[in-house]
Amino acid sequence: MSPPGSSASTLEGTLIALEYPRTDVLECVAEAYTRLAAAHGAKNVLVVKRHPAGLEELERTLASASRDAGLVPAPNVESLPEHASKVIEAFDPTIDRLEYEERIELISLVIAGAKRDIPPYLERAREHESFARDVGQLLLEVTRQRHTHSTAGNGDDMHPCLEFLYAMNDRFHAELDARGFIERADVIPRAVDVLEDNADGVRDRITAGVDAVLTVQFEEFRELDRRYLAALTGDTELVCVGQRHASVERTRVEPGSLETIADSLEHRHPARSAPSGVRHRPIINWLATGSVDDAHSDCHRSVQAADTSSGKSGTGVQPHAFRIRTETAREQTRLVATEIGSLRDRHDWSFDEFVVGVSRAERVPWARRRLREAGVPTATIGTPSLATDPAVSELYAVIRAQQTLEHEATEIGAETPTDAIDWDEAVLRRLEARVDSFSPELLVECRDHAVHTTLDRWIERTALKGRIADGESWVDAREQFDSVERIREIARFVERTDLVSPDWDGLQRMVARTIEYDAPHVHTIDSSTAEGGVTVCPVDELAYATANAVFVLDCNDTVYPGSQFLTSLFPTAWVRSMDAFPAVTDPTIGELEETFETVTDPESVSDRFETYHVERGRRRLALASRAATDRLYFCSYERETDGLRRTHDESRYVRELKASSSIRIADVESTTQDGRVYGPQRTLESLLGEPWGELERVRRRASMGEPVDLAETESHFQEMALLLEDDGLDPTLREAIRTQFEFAAGEVRR
């Protein structure tokens with residue numbers, strides 16, 4: 001190990017470089033783990049994954065592999081941020097990690113109190129709704145990379161807007177240090193210093209008993225992450241597992257291939273995974289490397305033979321993948337739900353064996369809600385916008401009411417009756433709608449000198465959590481419980497800090513700011529829960545996951561590759577010229593070739609910036625494609641709604657695959673091949689539409705002078721009549737179907 005105070009250590013160990021995105025990644029990791037566990041003992045092997053997503057599945061895989069190898073099934077698995085947090089806590093147990101809501105408030109106060117003039121562009125940009133989120137995201141990245149105003153450049157070279165924001169970030173962290181806080185983005189940079197200096201012997205204590213370290217998802221380890229590993233391991237055996245052509249997050253801020261970032265490691269290239277059973281392997285290869293595997297024809301024939309022998313298809317050549325193209329975004333998810341029902345019926349797959357990939361975390365709540373409306377249960381627990389959470393809306397109404405009560409009591413006396421107080425009628429109506437037998441007296445009864453105690457009394461006396469559990473599905477209930485805890489944590493923060501006045505005015509302002517600027521991308525999304533259901537997650541989280549069927553939503557050109565590559569805070573033309581911007585803005589031709597094997601003709605590259613980030617969009621599709629073991633679906637839509645809105649072109653990559661002579665992509669129509677209807681919602685819609693559908697069929701044939709066989713219609717309606725006589729049918733549904741028949745027959749009734 002390097003001595004205290006030394007410079008960054010050199011990373012030494014072994015790199016297992018997986019040739020391309022493949023479906024047996026976890027098996028490769030498990031193989032490396034069992035070798036280390038057999039040599040050093042399971043308790044002496046630390047497994048570190050770059051991102052928390054998929055940590056539970058990795059732990060289950062390693063435990064299963066240990067049992068199969070006759071070893072103790074007790075893997076020690078942590079994410080890199082989690083491990084770095086433990087290092088910081090071991091160094092200074094008193095340090096307090098700043099939550100996202102607290103960060104919003106503090107950085108807002110720092111910018112508001114800035115002594116230097118705000119650049120005119122930022123002054124105008126403050127009027128836009130996304131301004132605070134964009135600034136917050138930019139400064140998070142600045143902190144993660146340990147950029148400061150002094151290290152990023154001087155005032156003559158740096159863009160005035162960046163100079164202002166960097167200076168504000170430095171002042172923000174000075175305020176944090178003065179108050180004993182650390183923000184999440186600063187955990188790994190701080191931990192690097194602690195480990196490299198071995199401050200207070202922390203490195204010795206942390207590494208005691210660790211004889212080997214296995215890192216997973218090494219392709220996403222940034223420069224500081226690699227320094228962290230070097231300081232952590234020293235003489236410890238280090239094995240890194242990474243996928244070639246798979247980095248999406250790291251390449252946003254740092255160019256280079258897997259081999260480039262691991263030039264000091266000994267490289268091992270395991271044999272390629274067997275192609276049997278993965279019919280869309282040519283698509284994975286083309287998206288990741290720009291070429292189609294020569295071995296794909298054998299794989300294609302083996303899959304076709306297997307399908308034919310099992311009776312899955314009798315129509316000849318099987319497609320490599322499937323394409324869903326609908327008119328609207330809503331119809332896209334409805335057709336996905338129908339296809340999931342069809343696959344479950346044909347293959348007896350559980351909902352856990354499906355994944356729906358979205359472009360970013362903000363799209364998770366939308367996609368999950370649409371799928372559930374179509375009758376598909378989802379397992380994903382996300383953090384939806386606080387603005388749409390009914391429990392948060394109720395607590396915010398309580399805060400507003402207590403704020404009014406505090407002001408009125410101060411002005412006209414503490415004993416003022418509640419009917420003499422000038423309440424906000426909208427607030428009272430909100431509380432009346434949420435709480436049975438609500439009266440303003442309840443607000444007085446819950447009142448306490450401490451704001452967090454008042455909120456706790458409201459939650460207890462109105463049985464808020466019980467009402468959530470009784471009235472919501474388990475997914476919504478869990479999310480609302482999390483949101484309630486976030487509001488309670490804000491209330492506690494207000495009372496223990498000098499940043500905000502510890503009263504209802506301070507709490508109201510902080511909660512309002514949090515609701516306005518809340519960003520789902522900073523919160524954890526649990527995409528695999530014990531209750532089961534379809535997983536809905538960003539495609540970037542599929543790098544080490546697998547599922548029988550993967551549906552990639554929103555495969556439009558505005559998303560894959562997309563046109564806004566880095567930020568909406570500044571015009572793209574500005575970003576290209578901002579050397580201090582914390583991302584890749586001026587890649588060289590050499591860096592393009594080194595980072596992306598899909599760049600086959602560097603001489604034809606006219607715009608290095610655009611080409612670089614377009615290739616990152618292509619790689620994201622490759623990762624999503626790799627996650628599918630049986631069936632892969634590219635889904636897109638033409639318009640966001642049924643109205644006259646802008647149209648969306650299909651992703652250029654899907655269009656190229658569709659046009660390829662060596663790859664076959666089949667279209668999924670709005671009706672399944674067997675004509676069945678899947679899902680409770682689609683079943684209801686189909687039943688209610690039957691009378692009108694039959695009437696239109698008869699009219700259409702009659703208008704063309706064709707004979708109409710009413711026997712078929714009579715037989716069909718007889719089946720529905722038997723259904724209506726079923727005692728188990730919902731009476732409301734029975735009445736609705738009968739009403740549709742009457743409307744179709746021309747009868748009008750109230």
# chains A, B, ... in the order shown; residues from 1 in each chain; ligands from 1
$ residues_around --residues "A:Pro160" --least-positions-apart "3" --cutoff "7 Å" --atoms "only C-alpha atoms" --output "list in words"
Pro119, Glu163 and Phe164 of chain A
$ residues_around --residues "A:Glu603" --least-positions-apart "4" --cutoff "12 Å" --atoms "only C-alpha atoms" --output "CSV table (one decimal) with N, CA and C atoms, in the first residue's frame"
chain,number,residue,atom,x,y,z
A,588,THR,N,-11.4,14.2,-30.0
A,588,THR,CA,-10.6,14.1,-31.2
A,588,THR,C,-11.0,12.9,-32.0
A,589,ILE,N,-10.5,12.8,-33.3
A,589,ILE,CA,-10.8,11.7,-34.1
A,589,ILE,C,-10.3,10.4,-33.5
A,590,GLY,N,-9.1,10.5,-32.9
A,590,GLY,CA,-8.5,9.4,-32.2
A,590,GLY,C,-9.4,8.9,-31.0
A,592,LEU,N,-12.6,9.3,-30.8
A,592,LEU,CA,-13.8,8.7,-31.4
A,592,LEU,C,-13.5,7.2,-31.7
A,593,GLU,N,-12.4,7.0,-32.4
A,593,GLU,CA,-12.1,5.6,-32.9
A,593,GLU,C,-11.8,4.7,-31.6
A,599,VAL,N,-17.5,3.6,-35.1
A,599,VAL,CA,-17.0,4.6,-36.0
A,599,VAL,C,-16.0,4.0,-36.9
A,607,ASP,N,-18.7,16.2,-37.9
A,607,ASP,CA,-19.0,16.8,-36.6
A,607,ASP,C,-18.6,15.9,-35.5
A,608,ARG,N,-17.5,16.1,-34.9
A,608,ARG,CA,-17.0,15.1,-33.9
A,608,ARG,C,-17.9,15.1,-32.7
$ residues_around --residues "stretch 9-16 of chain A" --least-positions-apart "3" --cutoff "9 Å" --atoms "only C-alpha atoms" --output "number ranges by chain"
A: 1-2, 6, 28, 32, 196, 218, 226-227, 229-231, 233-243, 259, 262-270
$ write_last_selection --atoms "N, CA, C and O atoms" --output "CSV table (one decimal), in the first residue's frame"
chain,number,residue,atom,x,y,z
A,1,MET,N,0.8,-1.2,0.0
A,1,MET,CA,0.0,0.0,0.0
A,1,MET,C,0.9,1.2,0.0
A,1,MET,O,2.0,1.3,0.5
A,2,SER,N,0.4,2.3,-0.6
A,2,SER,CA,1.1,3.5,-0.7
A,2,SER,C,1.1,4.2,0.7
A,2,SER,O,0.2,4.1,1.4
A,6,SER,N,0.8,10.1,0.0
A,6,SER,CA,1.3,9.9,-1.3
A,6,SER,C,0.3,10.2,-2.4
A,6,SER,O,-0.9,10.4,-2.2
A,28,CYS,N,-20.4,-14.9,-15.8
A,28,CYS,CA,-18.9,-14.7,-15.9
A,28,CYS,C,-18.4,-14.1,-14.6
A,28,CYS,O,-17.4,-14.4,-14.1
A,32,ALA,N,-15.7,-15.8,-11.8
A,32,ALA,CA,-14.5,-15.1,-11.2
A,32,ALA,C,-14.7,-15.1,-9.6
A,32,ALA,O,-13.7,-15.2,-8.9
A,196,GLU,N,-6.2,7.5,0.2
A,196,GLU,CA,-4.9,7.7,-0.3
A,196,GLU,C,-3.9,8.3,0.8
A,196,GLU,O,-2.8,7.9,0.8
A,218,PHE,N,-16.9,-2.6,-14.5
A,218,PHE,CA,-15.7,-1.7,-14.5
A,218,PHE,C,-15.7,-0.8,-15.6
A,218,PHE,O,-15.0,0.3,-15.6
A,226,ARG,N,-11.4,4.9,-10.2
A,226,ARG,CA,-10.3,4.0,-10.4
A,226,ARG,C,-9.2,4.3,-9.4
A,226,ARG,O,-8.5,3.5,-8.9
A,227,ARG,N,-9.1,5.6,-9.0
A,227,ARG,CA,-8.1,6.0,-8.0
A,227,ARG,C,-8.6,5.4,-6.6
A,227,ARG,O,-7.8,5.0,-5.8
A,229,LEU,N,-10.3,2.6,-6.2
A,229,LEU,CA,-9.9,1.2,-6.2
A,229,LEU,C,-8.4,1.0,-6.0
A,229,LEU,O,-8.0,0.1,-5.2
A,230,ALA,N,-7.6,1.8,-6.6
A,230,ALA,CA,-6.1,1.7,-6.4
A,230,ALA,C,-5.7,1.9,-5.0
A,230,ALA,O,-4.9,1.2,-4.4
A,231,ALA,N,-6.3,2.9,-4.3
A,231,ALA,CA,-6.0,3.2,-2.9
A,231,ALA,C,-6.6,2.1,-2.0
A,231,ALA,O,-6.0,1.8,-1.0
A,233,THR,N,-7.1,-1.2,-2.8
A,233,THR,CA,-6.6,-2.5,-2.9
A,233,THR,C,-5.1,-2.6,-2.6
A,233,THR,O,-4.7,-3.5,-1.8
A,234,GLY,N,-4.2,-1.8,-3.1
A,234,GLY,CA,-2.8,-1.9,-2.8
A,234,GLY,C,-2.3,-3.3,-3.2
A,234,GLY,O,-2.2,-3.6,-4.3
A,235,ASP,N,-1.8,-4.0,-2.2
A,235,ASP,CA,-1.3,-5.4,-2.4
A,235,ASP,C,-2.4,-6.4,-2.5
A,235,ASP,O,-2.1,-7.6,-2.7
A,236,THR,N,-3.7,-6.0,-2.3
A,236,THR,CA,-4.8,-7.0,-2.3
A,236,THR,C,-5.0,-7.4,-3.8
A,236,THR,O,-4.9,-6.6,-4.7
A,237,GLU,N,-5.4,-8.7,-3.9
A,237,GLU,CA,-5.7,-9.2,-5.3
A,237,GLU,C,-6.9,-8.5,-5.8
A,237,GLU,O,-8.0,-8.4,-5.2
A,238,LEU,N,-6.8,-7.9,-7.0
A,238,LEU,CA,-7.9,-7.2,-7.6
A,238,LEU,C,-8.3,-7.8,-9.0
A,238,LEU,O,-7.4,-8.0,-9.8
A,239,VAL,N,-9.5,-8.1,-9.1
A,239,VAL,CA,-10.1,-8.6,-10.4
A,239,VAL,C,-11.2,-7.7,-10.8
A,239,VAL,O,-12.2,-7.5,-10.1
A,240,CYS,N,-11.1,-7.2,-12.0
A,240,CYS,CA,-12.2,-6.3,-12.6
A,240,CYS,C,-12.9,-7.0,-13.7
A,240,CYS,O,-12.2,-7.5,-14.6
A,241,VAL,N,-14.2,-6.9,-13.7
A,241,VAL,CA,-15.0,-7.5,-14.8
A,241,VAL,C,-15.7,-6.3,-15.5
A,241,VAL,O,-16.3,-5.5,-14.9
A,242,GLY,N,-15.5,-6.3,-16.8
A,242,GLY,CA,-16.1,-5.2,-17.6
A,242,GLY,C,-16.5,-5.7,-19.0
A,242,GLY,O,-16.0,-6.6,-19.5
A,243,GLN,N,-17.5,-5.0,-19.5
A,243,GLN,CA,-18.0,-5.3,-20.9
A,243,GLN,C,-17.4,-4.3,-21.9
A,243,GLN,O,-17.5,-3.1,-21.6
A,259,GLU,N,-10.3,-1.0,-22.5
A,259,GLU,CA,-8.8,-1.3,-22.5
A,259,GLU,C,-8.1,0.0,-22.1
A,259,GLU,O,-7.0,-0.1,-21.4
A,262,ALA,N,-8.0,0.7,-18.5
A,262,ALA,CA,-7.4,-0.5,-17.7
A,262,ALA,C,-6.0,-0.8,-18.3
A,262,ALA,O,-5.6,-2.0,-18.3
A,263,ASP,N,-5.3,0.2,-18.7
A,263,ASP,CA,-4.0,0.0,-19.4
A,263,ASP,C,-3.0,-0.6,-18.4
A,263,ASP,O,-2.0,-1.3,-18.9
A,264,SER,N,-3.2,-0.4,-17.1
A,264,SER,CA,-2.2,-0.9,-16.2
A,264,SER,C,-2.6,-2.3,-15.7
A,264,SER,O,-1.8,-2.9,-14.9
A,265,LEU,N,-3.7,-2.9,-16.1
A,265,LEU,CA,-4.2,-4.2,-15.6
A,265,LEU,C,-3.8,-5.2,-16.6
A,265,LEU,O,-3.6,-5.0,-17.8
A,266,GLU,N,-3.6,-6.5,-16.1
A,266,GLU,CA,-3.4,-7.6,-17.0
A,266,GLU,C,-4.8,-8.0,-17.6
A,266,GLU,O,-5.7,-8.3,-16.9
A,267,HIS,N,-4.8,-8.1,-18.9
A,267,HIS,CA,-6.1,-8.3,-19.6
A,267,HIS,C,-6.3,-9.8,-19.9
A,267,HIS,O,-5.4,-10.5,-20.3
A,268,ARG,N,-7.5,-10.2,-19.6
A,268,ARG,CA,-8.0,-11.6,-20.0
A,268,ARG,C,-9.3,-11.5,-20.8
A,268,ARG,O,-10.2,-10.7,-20.4
A,269,HIS,N,-9.3,-12.2,-21.9
A,269,HIS,CA,-10.5,-12.2,-22.8
A,269,HIS,C,-11.1,-13.6,-22.8
A,269,HIS,O,-10.6,-14.5,-23.5
A,270,PRO,N,-12.2,-13.8,-22.0
A,270,PRO,CA,-12.8,-15.1,-22.0
A,270,PRO,C,-13.4,-15.4,-23.3
A,270,PRO,O,-13.7,-14.5,-24.1
$ residues_around --residues "A:Asp170" --least-positions-apart "3" --cutoff "8 Å" --atoms "only C-alpha atoms" --output "short mmCIF file (atom, residue, chain, number, x, y, z; two decimals) with N, CA and C atoms, in the first residue's frame"
data_model
loop_
_atom_site.label_atom_id
_atom_site.label_comp_id
_atom_site.auth_asym_id
_atom_site.auth_seq_id
_atom_site.Cartn_x
_atom_site.Cartn_y
_atom_site.Cartn_z
N THR A 148 -13.19 22.59 -9.57
CA THR A 148 -13.42 23.81 -8.82
C THR A 148 -13.19 25.00 -9.73
N HIS A 149 -13.52 26.17 -9.23
CA HIS A 149 -13.32 27.38 -10.02
C HIS A 149 -11.86 27.59 -10.35
N TYR A 166 -19.44 27.75 -11.26
CA TYR A 166 -18.34 27.11 -10.55
C TYR A 166 -18.05 27.85 -9.25
N ALA A 167 -18.07 29.17 -9.31
CA ALA A 167 -17.83 29.95 -8.09
C ALA A 167 -18.91 29.70 -7.06
N HIS A 173 -19.98 24.53 -1.24
CA HIS A 173 -19.26 23.52 -0.48
C HIS A 173 -18.55 24.12 0.73
N ALA A 174 -18.18 25.40 0.64
CA ALA A 174 -17.63 26.06 1.82
C ALA A 174 -18.68 26.15 2.92
#
$ residues_around --residues "A:Val48" --least-positions-apart "5" --cutoff "9 Å" --atoms "only C-alpha atoms" --output "compact mmCIF listing (two decimals) with N, CA and C atoms, in the first residue's frame"
# COMPACT_ATOMS: atom_id res chain seq x y z
N ASN A 76 -20.11 -10.81 0.01
CA ASN A 76 -20.09 -9.45 0.55
C ASN A 76 -20.15 -8.48 -0.64
N VAL A 77 -21.35 -8.00 -0.96
CA VAL A 77 -21.57 -7.20 -2.16
C VAL A 77 -22.01 -5.79 -1.77
N GLU A 78 -21.34 -4.79 -2.34
CA GLU A 78 -21.69 -3.40 -2.08
C GLU A 78 -21.54 -2.59 -3.36
N SER A 79 -22.28 -1.49 -3.43
CA SER A 79 -22.06 -0.56 -4.53
C SER A 79 -20.91 0.36 -4.15
N LEU A 80 -20.27 0.96 -5.15
CA LEU A 80 -19.14 1.84 -4.87
C LEU A 80 -19.55 3.04 -3.99
N HIS A 83 -19.93 1.81 -0.37
CA HIS A 83 -18.65 1.52 0.28
C HIS A 83 -17.91 2.81 0.62
N VAL A 213 -10.52 -8.21 -3.99
CA VAL A 213 -11.61 -7.32 -4.38
C VAL A 213 -12.00 -7.65 -5.82
N LEU A 214 -13.30 -7.89 -6.01
CA LEU A 214 -13.84 -8.14 -7.34
C LEU A 214 -14.73 -6.96 -7.71
N THR A 215 -14.41 -6.25 -8.77
CA THR A 215 -15.22 -5.12 -9.20
C THR A 215 -16.07 -5.53 -10.40
N VAL A 216 -17.31 -5.09 -10.38
CA VAL A 216 -18.27 -5.40 -11.43
C VAL A 216 -18.70 -4.09 -12.10
N GLN A 217 -18.91 -4.14 -13.40
CA GLN A 217 -19.28 -2.97 -14.20
C GLN A 217 -18.09 -1.99 -14.27
$ closest_residue --among "A:Asp197, A:Glu254, A:Asp667, A:Asp601" --to "A:Phe221" --atoms "only C-alpha atoms"
A:Glu254
$ atom_distance --atom1 "atom CA of A:Cys555" --atom2 "atom CA of A:Arg252"
20.4 Å
$ atom_distance --atom1 "atom CA of A:Glu650" --atom2 "atom CA of A:Val336"
16.7 Å
$ residues_around --residues "stretch 484-494 of chain A" --least-positions-apart "5" --cutoff "10 Å" --atoms "only C-alpha atoms" --output "PyMOL selection string"
chain A and resi 98-102+386+389+391-392+394-396+450-456+459+464-465+478-479+499-504+506-508+510-511+514
$ write_last_selection --atoms "C-alpha atoms" --output "short mmCIF file (atom, residue, chain, number, x, y, z; two decimals), in the first residue's frame"
data_model
loop_
_atom_site.label_atom_id
_atom_site.label_comp_id
_atom_site.auth_asym_id
_atom_site.auth_seq_id
_atom_site.Cartn_x
_atom_site.Cartn_y
_atom_site.Cartn_z
CA LEU A 98 -26.98 16.24 2.91
CA GLU A 99 -30.24 14.94 1.45
CA TYR A 100 -31.41 16.10 -1.95
CA GLU A 101 -34.19 18.29 -0.53
CA GLU A 102 -31.75 19.99 1.80
CA LEU A 386 -43.87 15.06 -5.25
CA ASP A 389 -48.35 12.56 -4.79
CA ALA A 391 -50.18 12.25 0.44
CA VAL A 392 -47.68 15.07 -0.13
CA GLU A 394 -52.36 16.62 1.96
CA LEU A 395 -49.33 17.36 4.13
CA TYR A 396 -48.60 20.53 2.17
CA ALA A 450 -42.28 22.00 16.93
CA VAL A 451 -43.31 21.73 13.27
CA HIS A 452 -42.24 18.11 12.91
CA THR A 453 -44.24 17.11 16.01
CA THR A 454 -47.35 18.79 14.57
CA LEU A 455 -47.00 16.85 11.33
CA ASP A 456 -46.47 13.60 13.24
CA ILE A 459 -50.27 11.63 10.52
CA LEU A 464 -52.68 8.84 7.12
CA LYS A 465 -50.58 5.73 6.58
CA ARG A 478 -44.94 2.17 -0.71
CA GLU A 479 -44.12 5.23 -2.79
CA LEU A 499 -30.37 27.81 7.04
CA VAL A 500 -34.15 28.06 7.32
CA SER A 501 -36.32 29.70 9.93
CA PRO A 502 -37.62 26.86 12.18
CA ASP A 503 -41.29 27.75 11.72
CA TRP A 504 -44.15 27.16 9.31
CA GLY A 506 -39.56 28.19 6.59
CA LEU A 507 -41.07 24.73 6.20
CA GLN A 508 -43.62 25.92 3.63
CA MET A 510 -38.64 24.56 1.60
CA VAL A 511 -41.37 22.03 0.81
CA THR A 514 -38.67 20.77 -3.20
#
$ atom_distance --atom1 "atom CA of A:Leu657" --atom2 "atom CA of A:Ser359"
19.5 Å
$ select_by_dssp --residues "stretch 366-611 of chain A" --states "alpha helix (DSSP H)" --output "PyMOL selection string"
chain A and resi 366-373+390-412+425-434+440-446+451-461+464-471+474-496+504-517+572-577+589-595+608-611
$ residues_around --residues "A:Phe596" --least-positions-apart "3" --cutoff "9 Å" --atoms "only C-alpha atoms" --output "JSON, numbers by chain"
{"A": [245, 256, 257, 288, 289, 591, 592, 593, 599, 600, 612, 615, 616, 619]}
$ closest_residue --among "A:Ile663, A:Ala580, A:Leu71, A:Ala199" --to "A:Gln318" --atoms "only C-alpha atoms"
A:Ile663
$ select_by_dssp --residues "stretch 607-662 of chain A" --states "strand (DSSP E or B)" --output "VMD selection string"
chain A and resid 628 to 639 650
$ closest_residue --among "A:Ala42, A:Leu224, A:Val47, A:Glu56" --to "A:Gly70" --atoms "only C-alpha atoms"
A:Ala42
